[in-house]
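For reference, the structure discussed in these notes is given below.
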Amino acid sequence: MLSILLFALVNLAPGGPLSGQGQSRHIDPAKVELLKRQFGLDKPLPTQYLIWLIGNDWMQVDKDGDGVLDSYGTRQGILRGDFGFSFRTRQPVLTEIGDRLPNTIYLTVITMLVAVLIAIPIGIISAIKQYSKFDITVTTFSFAGQAIPEFWLGLILILIFYAWLKNPFTGDPLLPAGGMTSINSNGFDLGDRIVHLILPVLTGALGWVAWYSRFLRSSMLDVIHQDYIRTARAKGLPEKMVLYKHALRNALVPLVTLLALDLPYIFGGAIFVEILFSWPGMGRLYYQAALQRDYPVLMAVLIIGASFIILSNLLADIVYAYLDPRIRFE
Amino acid sequence: MNQSTSAQSTSMGSGVWKRFRKHPGAIFGFIVISILIVLTLLAPLSPYDPEASNITARYQPPSLSHPMGTDALGRDLFTRALFGGRISLTVGLFVVIISVLIGVPTGALAGYYGGKLDSILMRITDAFLSLPSFLVLILLSAILREVEIPLFERNNVVTISLVIGVFAWTTFARLVRASFLTLRESDFVAASRSLGGSDLRVIVRHILPNSIGPIIVEATLEFGYAIIEESGLSFLGFGIQPPTPSWGNLLSNAQEHFTKYPWLAIFPGLMIFLSIISINYIGDGLRDAFDPYKVLDKVGEV
């Protein structure tokens, strides 16, 4: 169903999928027709959709565009992992994505780990000590953290750590403003990697730290006000037991679900960080593809992103049902 | 009957307002966002034209006559930021309206009736939720950027609000459905039903008022998200198109030379930051104010 939605979106767009290609103004209408026949764009949309989905190597196509069916098609369709060729680089889309995906996963996993590890203790403490000095300070900061748009934070960090602060020994900028490695580095250098990770991870993680700690705080507070917590206290359980065994477990349930629901941002949220810090990942690939309306790449990233989200949603539901016996599935 | 309920709801409203007033952050947010709104409304009073260039005054650092400096074309950044604020805040408001109008009824119907209707509505919601929404926003606005349809031309406020709103309602649907799922099992709903209350009455008079708190809080936060999303799209060049300023495309323009002319990057972002933080504070204040357990605590103390 999703694939239909996405396919419709691109093909019903005014100008159709080839419109991004007409960069040169003197394009011969006859040539466009030829191209359309070669790409199979002259066929009715449902047929095009089927070809896109399952390929055309089982049917005869008109390869040279002269109106005669002459050979079998070569496309295998997205169900068999053939996303076609990028308009922009003429590379297979899967190669393009294969080059970038590990970089995005690498950056995102580190960012999320850093964020969650910082956020959980902050959230717990500020909920337990609601309106304490710690809570007020942290809440203020997390409000600020959540309100800073990533693209602005990135610019400001580059301004501070690249343009203003200098390494006192060499006079170079304190931290690099982009890339995964230094240009003159040869081979893998952990120090160099870490130095290149600091600003992107900081930019990416701040919002998540703020969001998760705030969320955990408020879900902790919700739970603490529940009757069963009062009951637990009333029956004389030690406060620690009440908080960690009764309250925290219930407060973490929505957080776990939230983590799974936030997975779209693995693909979506990294885009600013990758663009600002010239990180060669999926987000930047998508951005470049969008600028030139490179539909095969755009579609492939969206389809992969969407399937990933569906899987993670399923996971969230299972985990939620497992953790919270009150939820009934009919 | 009518009188007693209306009296009751006034007292609930004033109770919320009372608690809201006691939240320092919420008051801070309320004041800042009010100032921002008033300033953007007064933007036409500025002595500078937001779009006319002035080559003699290029790249001037902030000063008394140009509080935020000037840009590459010598335009006063403060004036442009205020006009940009009009655009960004309007988009935020439109998105909230669009997403509440789609999301709340969807969630209420799904949660209340359950069964087949629920699964159909939730499959649709799931379909939207399983798209990487910001990426789809980019795709949509990249397509719409090139189109010449009246009203949707050149990614104006309406287009961008619709594009964002169409993907923002799912939060409301899920939220409302979840609260309806729990509330429909509760005793007061059973009581109302056994007294012969119609479905519509139960939904609108009994369940909805009990989930209005989260909806209002979410609407407030959505206002902020929408502003961030609009700025993000404009920052990437797919949102509001220059020369019309928006906070996002001001930042986008700043990108090239911002290490040399930092004010170009600092101020538009500061505007986004200030409005989002205010909105979030208001949302938090509302959340606390709507928390019925706080009342119980108070009653318990007395």
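Ordering of the structure tokens sets the chain letters (A, B, ...); residue numbers start at 1 within each chain; ligands are numbered from 1 in the order shown.
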Exercise. Write out as a VMD selection string which residues come within 7 Å of Tyr59 of chain B when counting only C-alpha atoms, dropping same-chain ones fewer than 6 positions away.
Key: chain B and resid 69 to 72 74
Please return, as a short mmCIF file (atom, residue, chain, number, x, y, z; two decimals) with C-alpha atoms, in the first residue's frame, all residues of segment 119-254 of chain B that DSSP assigns to helix (DSSP H, G or I) on the basis of the backbone.
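Saved as result-v3.cif:
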data_model
loop_
_atom_site.label_atom_id
_atom_site.label_comp_id
_atom_site.auth_asym_id
_atom_site.auth_seq_id
_atom_site.Cartn_x
_atom_site.Cartn_y
_atom_site.Cartn_z
CA SER B 119 -8.32 -1.06 12.20
CA ILE B 120 -9.06 0.83 8.98
CA LEU B 121 -8.32 4.23 10.50
CA MET B 122 -5.24 2.97 12.25
CA ARG B 123 -3.91 1.31 9.08
CA ILE B 124 -4.18 4.71 7.40
CA THR B 125 -2.48 6.36 10.35
CA ASP B 126 0.18 3.67 10.31
CA ALA B 127 0.77 4.24 6.62
CA PHE B 128 1.46 7.89 7.32
CA LEU B 129 3.51 7.10 10.38
CA SER B 133 7.91 12.20 7.28
CA PHE B 134 10.58 14.85 7.00
CA LEU B 135 12.02 13.14 3.94
CA VAL B 136 8.57 13.01 2.37
CA LEU B 137 8.13 16.69 3.22
CA ILE B 138 11.34 17.36 1.33
CA LEU B 139 10.16 15.32 -1.65
CA LEU B 140 6.73 16.98 -1.70
CA SER B 141 8.04 20.49 -1.40
CA ALA B 142 10.78 19.78 -3.95
CA ILE B 143 8.04 18.75 -6.37
CA LEU B 144 5.70 21.62 -5.46
CA GLU B 153 2.41 28.59 -6.32
CA ARG B 154 6.07 28.76 -5.35
CA ASN B 155 5.70 27.10 -1.97
CA VAL B 157 2.48 29.73 3.38
CA VAL B 158 -0.62 27.70 2.45
CA THR B 159 1.31 25.08 0.51
CA ILE B 160 3.92 24.57 3.17
CA SER B 161 1.32 24.44 5.96
CA LEU B 162 -0.71 21.84 4.07
CA VAL B 163 2.34 19.75 3.32
CA ILE B 164 3.44 19.77 6.96
CA GLY B 165 -0.09 19.43 8.37
CA VAL B 166 -0.93 16.40 6.27
CA PHE B 167 1.87 14.55 8.02
CA ALA B 168 1.43 16.04 11.49
CA TRP B 169 -2.08 14.83 12.40
CA THR B 170 -1.04 11.26 13.17
CA THR B 171 0.26 12.27 16.60
CA PHE B 172 -3.16 13.60 17.52
CA ALA B 173 -4.94 10.54 16.18
CA ARG B 174 -2.77 8.19 18.20
CA LEU B 175 -2.96 10.31 21.33
CA VAL B 176 -6.73 10.67 21.22
CA ARG B 177 -7.26 7.02 20.34
CA ALA B 178 -5.09 5.89 23.23
CA SER B 179 -6.94 8.02 25.72
CA PHE B 180 -10.32 6.92 24.29
CA LEU B 181 -9.27 3.29 24.55
CA THR B 182 -8.70 3.59 28.27
CA LEU B 183 -11.55 5.98 28.99
CA ASP B 187 -17.18 3.67 34.98
CA PHE B 188 -18.43 7.15 34.14
CA VAL B 189 -18.73 6.17 30.48
CA ALA B 190 -20.65 3.05 31.43
CA ALA B 191 -22.84 5.22 33.67
CA SER B 192 -23.59 7.68 30.91
CA ARG B 193 -24.36 4.86 28.49
CA SER B 194 -26.67 3.15 30.93
CA ASP B 199 -22.50 7.76 21.26
CA LEU B 200 -22.02 11.33 20.13
CA ARG B 201 -22.89 12.61 23.59
CA VAL B 202 -20.55 10.18 25.29
CA ILE B 203 -17.73 11.07 22.93
CA VAL B 204 -18.13 14.83 22.94
CA ARG B 205 -19.39 15.50 26.47
CA HIS B 206 -17.74 12.80 28.51
CA ILE B 207 -14.63 11.35 26.93
CA LEU B 208 -13.29 14.29 24.93
CA PRO B 209 -13.26 16.74 27.88
CA ASN B 210 -11.24 14.17 29.79
CA SER B 211 -8.62 13.96 27.09
CA ILE B 212 -8.64 17.67 26.23
CA GLY B 213 -5.57 18.33 28.37
CA PRO B 214 -3.18 16.19 26.33
CA ILE B 215 -4.71 17.51 23.10
CA ILE B 216 -4.08 21.12 24.07
CA VAL B 217 -0.57 20.34 25.25
CA GLU B 218 0.15 18.45 22.02
CA ALA B 219 -1.31 21.28 19.94
CA THR B 220 0.99 23.72 21.66
CA LEU B 221 4.01 21.54 21.04
CA GLU B 222 2.92 20.88 17.45
CA PHE B 223 2.95 24.64 16.90
CA GLY B 224 6.63 24.54 17.79
CA TYR B 225 7.43 21.45 15.71
CA ALA B 226 5.73 23.02 12.71
CA ILE B 227 7.89 26.10 13.05
CA ILE B 228 11.00 23.93 13.24
CA GLU B 229 9.90 21.87 10.24
CA GLU B 230 9.12 24.94 8.18
CA SER B 231 12.49 26.43 9.10
CA GLY B 232 14.20 23.15 8.28
CA LEU B 233 12.57 22.92 4.87
CA SER B 234 13.35 26.55 4.14
CA PHE B 235 16.89 26.05 5.41
CA LEU B 236 17.36 23.29 2.84
CA TRP B 247 13.50 32.28 9.67
CA GLY B 248 14.68 29.18 7.89
CA ASN B 249 15.69 30.73 4.59
CA LEU B 250 17.39 33.63 6.40
CA LEU B 251 19.62 31.02 8.06
CA SER B 252 20.05 29.27 4.76
CA ASN B 253 21.30 32.49 3.15
CA ALA B 254 23.67 33.02 6.04
#
Exercise. Using only C-alpha atoms, find which residues of chain B lie within 6 Å of chain A and jot them down as a list in words.
Key: Ser130, Leu131, Pro132, Phe134, Leu135, Thr259, Gly269, Phe273, Ile276 and Ile277 of chain B
Quiz prompt | Within 9 Å of segment 79-85 of chain B using only C-alpha atoms, minus same-chain residues under 4 positions, as number ranges by chain | solution = B: 36-37, 39-44, 46-51, 66, 68, 75, 89-90, 244-250, 267-268, 271-272
Write the residues of the preceding selection, restricted to C-alpha atoms, as a short mmCIF file (atom, residue, chain, number, x, y, z; two decimals), in the first residue's frame.
data_model
loop_
_atom_site.label_atom_id
_atom_site.label_comp_id
_atom_site.auth_asym_id
_atom_site.auth_seq_id
_atom_site.Cartn_x
_atom_site.Cartn_y
_atom_site.Cartn_z
CA LEU B 36 7.34 38.25 19.35
CA ILE B 37 3.83 38.27 17.96
CA LEU B 39 6.73 42.79 17.06
CA THR B 40 5.97 40.78 13.93
CA LEU B 41 2.60 42.51 13.69
CA LEU B 42 4.35 45.87 13.94
CA ALA B 43 6.96 44.87 11.33
CA PRO B 44 5.58 47.17 8.60
CA SER B 46 10.11 49.48 10.30
CA PRO B 47 11.87 52.25 8.32
CA TYR B 48 13.52 49.60 6.12
CA ASP B 49 12.06 47.63 3.25
CA PRO B 50 12.44 43.89 3.84
CA GLU B 51 13.12 43.12 0.19
CA HIS B 66 20.56 47.95 12.38
CA MET B 68 20.80 42.66 13.83
CA ARG B 75 18.86 44.66 3.80
CA LEU B 89 4.32 31.77 13.06
CA THR B 90 1.47 31.68 10.55
CA THR B 244 10.05 36.26 0.95
CA PRO B 245 11.91 35.93 4.24
CA SER B 246 11.29 33.14 6.72
CA TRP B 247 13.50 32.28 9.67
CA GLY B 248 14.68 29.18 7.89
CA ASN B 249 15.69 30.73 4.59
CA LEU B 250 17.39 33.63 6.40
CA PHE B 267 19.91 36.15 14.93
CA PRO B 268 17.44 34.24 12.73
CA MET B 271 14.33 33.95 16.83
CA ILE B 272 13.46 30.30 16.13
#
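Using only C-alpha atoms, the nearest neighbour of Thr104 of chain A within the list A:Thr231, A:Ser278, A:Ser213, A:Gln288 is A:Ser278.
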